[in-house]
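Participant: Pasting in a structure now, in structure tokens, and then I'll have a few things to ask.
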Amino acid sequence: MNYPVDLSIEKVVHGGRGLARTGEGVVLVDGVLPGERVRAVETGKINGMRIFQPLERLKPSAGRRDPPCRYFGNCGGCDWLFIEPQLQAQLKRSIFIEALERIGKLTSLAIPEIVAGPEYGYRRRVQVKISTEKKTGFFKRGSNDVVQIENCPLCTERINGLLARCAREPALLPDDCANLKVIDGDRILASQPVLDGCTAAVTEIYCGERRFTVTGDDFFQSNAPLLVRMAEWIAACCSGETLVDLYGGTGFFSVMLAGKFSGGMLIESDRKMVRRARENFKDNGIKHFTAVAVPAEAVEGHIPSKPSVLLVDPPRPGLTRNAREAVGRIAAETLVYVSCNCATQARDVGYLVKKCGYSIVASALVDLYPNTHHTETVVVMKRRGDGVTG
């Protein structure tokens with residue numbers, strides 16, 4: 001039987017939980033903040049680490065607030081909705097720095113700039129989960145049980161309208177559909193599958209003067225207000241003749257940065273996304289960029305020469321060993337690493353700094369996912385042989 005224990009929360013770590021120390025070792029605690037003291041009970045283990053759930057807050061943090069959502073605690077989406085917004089960004093930056101120091105074994109860091117936007121109404125891309133009884137919403141945290149959601153404070157107005165309508169009219173949903181992918185464009189919703197009378201197959205998204213055509217199941221960054229600001233922050237760190245956009249997807253960064261380069265190449269393994277990238281190049285009058293469908297590990301055989309800037313935006317597992325080594329051998333003057341997982345990013349950046357002659361010159365925490373523990377981080381590196389000291 002598990003008995004309640006009193007725990008003092010030292011810090012919040014990667015994954016969003018608080019860390020506390022006991023006589024039996026380090027444990028992780030859900031829903032807490034640094035400096036808090038709680039009475040908690042063990043609820044299980046994740047990767048061998050004991051997980052605790054608070055029963056009572058003996059000493060709450062001043063950074064805590066009442067979650068402004070009736071689904072909080074049941075829906076698994078907004079696990080940080082109880083934290084004041086400014087503190088959320090500061091905690092994420094601390095997690096980012098700790099990852100670079102502990103996992104990357106790096107000591108010379110550029111203090112990450114925080115790039116933040118609105119905390120509500122920002123999310124334009126969602127995956128709506130559908131139960132066998134046609135209950136629609138999102139998964140409960142740690143389970144595949146669907147929590148019925150009719151309005152999410154993070155989602156755009158049109159997505160919330162769709163959630164409410166699906167709750168009222170479950171007959172709209174196909175019988176064999178368990179996952180509805182939705183993107184809110186500038187005028188209409190697109191989804192996969194398409195819902196007759198509710199959504200379209202294709203929509204358009206404008207970022208400044210640039211236009212992107214996307215389908216319901218295309219990947220596109222979900223934070224509408226911050227997309228242009230993230231691209232502008234990266235653009236300010238880039239210069240030179242050529243850009244290689246590795247893991248380029250449907251071409252967001254290539255399109256947004258194309259005006260700064262005389263030539264460029266997008267590398268993406270998914271042929272469907274490469275076709276979409278070519279369409280986005282054409283729609284935006286970009287004739288000096290190409291897109292090729294090859295694995296990231298094969299990038300060296302497809303770029304004509306060493307690029308001025310190599311931008312990498314890999315999935316959560318980060319660079320594979322072969323891709324990491326290829327990136328190091330390419331030896332671009334500037335290397336920009338965008339990531340949704342600062343732990344694997346720190347591992348890769350540590351290798352590139354220690355083994356491949358790079359130094360970190362700038363970094364940013366782009367808070368694309370307010371009210372959740374998820375991070376989006378950017379590290380800009382330059383070759384030390386280009387006059388940069390270690």
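Just so we're on the same page: first chain in the structure tokens is A, next is B, and so on; residues restart at 1 for each chain, and ligands are numbered from 1 in the order they show up.
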Do a neighbour search on Glu169 (chain A) at 10 Å with only C-alpha atoms, toss out local chain neighbours closer than 5 positions, and write the hits as a ChimeraX atom specification.

Facilitator: /A:134,163-164

Participant: Sorted by chain and rising residue number, list the residues of region 168-190 of chain A at most 12 Å from region 222-243 of chain A (counting only C-alpha atoms), each with its closest atom pair and distance in Å to one decimal, as JSON lines.

Facilitator:
{"residue": "A:Val182", "atom": "CA", "partner": "A:Ser222", "partner_atom": "CA", "distance": 10.4}
{"residue": "A:Ile183", "atom": "CA", "partner": "A:Ser222", "partner_atom": "CA", "distance": 8.2}
{"residue": "A:Asp184", "atom": "CA", "partner": "A:Ser222", "partner_atom": "CA", "distance": 9.1}
{"residue": "A:Gly185", "atom": "CA", "partner": "A:Ala224", "partner_atom": "CA", "distance": 9.5}
{"residue": "A:Asp186", "atom": "CA", "partner": "A:Ala224", "partner_atom": "CA", "distance": 9.8}

Participant: For the contact check between region 63-163 of chain A and region 209-221 of chain A, emit one row per residue of region 63-163 of chain A within 10 Å, containing the shortest atom pair and the distance in Å rounded to one decimal, counting only C-alpha atoms, chain then rising number order, as JSON lines.

Facilitator:
{"residue": "A:Arg123", "atom": "CA", "partner": "A:Gln221", "partner_atom": "CA", "distance": 8.9}
{"residue": "A:Arg124", "atom": "CA", "partner": "A:Gln221", "partner_atom": "CA", "distance": 8.2}
{"residue": "A:Arg125", "atom": "CA", "partner": "A:Phe220", "partner_atom": "CA", "distance": 7.4}
{"residue": "A:Val126", "atom": "CA", "partner": "A:Gly216", "partner_atom": "CA", "distance": 9.7}
{"residue": "A:Gln127", "atom": "CA", "partner": "A:Asp217", "partner_atom": "CA", "distance": 9.3}

Participant: Going by DSSP on the backbone, which bits of region 86-278 of chain A are alpha helix (DSSP H)? Write them as a PyMOL selection string, please.

Facilitator: chain A and resi 86-102+157-168+227-235+252-257+271-278

Participant: For the residues in that selection, give me C-alpha atoms as an mmCIF file, in the first residue's frame.

Facilitator:
data_model
loop_
_atom_site.group_PDB
_atom_site.id
_atom_site.type_symbol
_atom_site.label_atom_id
_atom_site.label_comp_id
_atom_site.auth_asym_id
_atom_site.auth_seq_id
_atom_site.Cartn_x
_atom_site.Cartn_y
_atom_site.Cartn_z
ATOM 1 C CA GLN A 86 5.214 34.463 -17.770
ATOM 2 C CA LEU A 87 6.346 31.777 -15.356
ATOM 3 C CA GLN A 88 5.571 29.078 -17.931
ATOM 4 C CA ALA A 89 8.029 30.632 -20.391
ATOM 5 C CA GLN A 90 10.687 31.057 -17.719
ATOM 6 C CA LEU A 91 10.345 27.419 -16.671
ATOM 7 C CA LYS A 92 10.646 26.255 -20.272
ATOM 8 C CA ARG A 93 13.769 28.339 -20.753
ATOM 9 C CA SER A 94 15.283 26.809 -17.607
ATOM 10 C CA ILE A 95 14.464 23.309 -18.897
ATOM 11 C CA PHE A 96 16.086 24.196 -22.232
ATOM 12 C CA ILE A 97 19.263 25.480 -20.575
ATOM 13 C CA GLU A 98 19.485 22.458 -18.282
ATOM 14 C CA ALA A 99 19.161 20.114 -21.273
ATOM 15 C CA LEU A 100 22.049 21.836 -23.069
ATOM 16 C CA GLU A 101 24.192 21.698 -19.935
ATOM 17 C CA ARG A 102 23.309 18.207 -18.651
ATOM 18 C CA GLU A 157 -12.784 30.111 -33.035
ATOM 19 C CA ARG A 158 -13.496 27.998 -36.112
ATOM 20 C CA ILE A 159 -12.014 24.841 -34.568
ATOM 21 C CA ASN A 160 -14.107 25.398 -31.451
ATOM 22 C CA GLY A 161 -17.148 25.791 -33.656
ATOM 23 C CA LEU A 162 -16.372 22.422 -35.232
ATOM 24 C CA LEU A 163 -15.881 20.779 -31.817
ATOM 25 C CA ALA A 164 -19.255 22.080 -30.661
ATOM 26 C CA ARG A 165 -20.987 20.945 -33.843
ATOM 27 C CA CYS A 166 -19.455 17.446 -33.678
ATOM 28 C CA ALA A 167 -20.735 17.154 -30.104
ATOM 29 C CA ARG A 168 -24.241 18.179 -31.220
ATOM 30 C CA LEU A 227 4.777 31.679 -37.060
ATOM 31 C CA VAL A 228 5.967 34.883 -38.700
ATOM 32 C CA ARG A 229 7.833 35.994 -35.580
ATOM 33 C CA MET A 230 9.710 32.686 -35.405
ATOM 34 C CA ALA A 231 10.693 32.950 -39.063
ATOM 35 C CA GLU A 232 11.793 36.567 -38.578
ATOM 36 C CA TRP A 233 13.921 35.621 -35.561
ATOM 37 C CA ILE A 234 15.675 32.897 -37.567
ATOM 38 C CA ALA A 235 16.049 35.155 -40.621
ATOM 39 C CA PHE A 252 7.609 26.809 -44.430
ATOM 40 C CA PHE A 253 11.165 27.895 -43.605
ATOM 41 C CA SER A 254 12.322 27.781 -47.236
ATOM 42 C CA VAL A 255 9.462 30.015 -48.326
ATOM 43 C CA MET A 256 9.871 32.437 -45.430
ATOM 44 C CA LEU A 257 13.672 32.720 -45.832
ATOM 45 C CA ARG A 271 7.264 12.657 -51.238
ATOM 46 C CA LYS A 272 3.804 14.059 -50.559
ATOM 47 C CA MET A 273 5.271 16.933 -48.552
ATOM 48 C CA VAL A 274 7.904 17.558 -51.228
ATOM 49 C CA ARG A 275 5.144 17.934 -53.828
ATOM 50 C CA ARG A 276 3.376 20.370 -51.517
ATOM 51 C CA ALA A 277 6.639 22.308 -51.006
ATOM 52 C CA ARG A 278 7.087 22.652 -54.771
#

Participant: Which value, in Å to one decimal, gives the distance between CA of Asn371 (chain A) and CA of Met49 (chain A)?

Facilitator: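 Result for CA of Asn371 (chain A) versus CA of Met49 (chain A): 24.3 Å, one decimal.
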
Participant: Enumerate, as a ChimeraX atom specification, the complete set of residues in region 113-159 of chain A that a backbone-based DSSP assignment places in strand (DSSP E or B).

Facilitator: /A:113-115,123,125-130,136-140,146-148,155

Participant: Let me see the file: selected residues, C-alpha atoms, as a PDB file, in the first residue's frame.

Facilitator:
ATOM      1  CA  GLU A 113      15.633  34.734 -25.854  1.00  0.00           C
ATOM      2  CA  ILE A 114      11.956  34.135 -25.099  1.00  0.00           C
ATOM      3  CA  VAL A 115       9.647  34.668 -28.081  1.00  0.00           C
ATOM      4  CA  ARG A 123      -3.911  26.681 -32.003  1.00  0.00           C
ATOM      5  CA  ARG A 125      -4.049  22.546 -36.071  1.00  0.00           C
ATOM      6  CA  VAL A 126      -5.525  19.730 -33.959  1.00  0.00           C
ATOM      7  CA  GLN A 127      -6.218  16.023 -34.014  1.00  0.00           C
ATOM      8  CA  VAL A 128      -9.740  15.429 -32.752  1.00  0.00           C
ATOM      9  CA  LYS A 129     -10.080  11.983 -31.173  1.00  0.00           C
ATOM     10  CA  ILE A 130     -13.291  10.045 -31.775  1.00  0.00           C
ATOM     11  CA  THR A 136     -15.279  13.813 -29.809  1.00  0.00           C
ATOM     12  CA  GLY A 137     -12.447  15.688 -28.103  1.00  0.00           C
ATOM     13  CA  PHE A 138      -8.988  14.826 -26.811  1.00  0.00           C
ATOM     14  CA  PHE A 139      -7.424  11.987 -24.863  1.00  0.00           C
ATOM     15  CA  LYS A 140      -7.361  11.947 -21.114  1.00  0.00           C
ATOM     16  CA  VAL A 146     -11.737  10.338 -25.147  1.00  0.00           C
ATOM     17  CA  VAL A 147     -12.837  13.378 -23.134  1.00  0.00           C
ATOM     18  CA  GLN A 148     -15.782  15.127 -24.817  1.00  0.00           C
ATOM     19  CA  CYS A 155      -8.054  26.573 -30.210  1.00  0.00           C
TER      20      CYS A 155
END

Participant: Identify, on the basis of only C-alpha atoms, every residue whose closest approach to Gly18 (chain A) does not exceed 8 Å; exclude the query and any residue fewer than 3 positions from it along the same chain; express the result as a list in words.

Facilitator: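 Counting only C-alpha atoms, the residues come to Ile9, Glu10, Lys11, Val12, Val13, Leu28, Val29, Asp30, Gly31, Val32, Leu33 and Pro34 of chain A.
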
Participant: For CA of Thr372 (chain A) and CA of Leu311 (chain A), quote the distance in Å rounded to one decimal.

Facilitator: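 Computing it gives 25.9 Å between the two atoms.
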
Participant: Have a look at CA of Phe261 (chain A) and CA of Ser308 (chain A) and let me know their distance in Å, one decimal.

Facilitator: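 Taking CA of Phe261 (chain A) as the start and CA of Ser308 (chain A) as the end point, the length is 9.1 Å.
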
Participant: Residues at most 6 Å from Met381 (chain A), counting only C-alpha atoms, excluding those fewer than 5 positions away in the same chain, as a ChimeraX atom specification?

Facilitator: /A:334-335,358-361

Participant: Using only C-alpha atoms, can you tell me which of A:Gly142, A:Pro54, A:Pro112, A:Gly248 comes closest to Glu376 (chain A)?

Facilitator: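 Smallest separation from Glu376 (chain A) among the options: A:Pro112.
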
Participant: I'd like the contact shell of Ala331 (chain A) - 8 Å cut-off, only C-alpha atoms, skipping same-chain residues fewer than 6 positions apart - returned as a ChimeraX atom specification.

Facilitator: /A:306,356,383
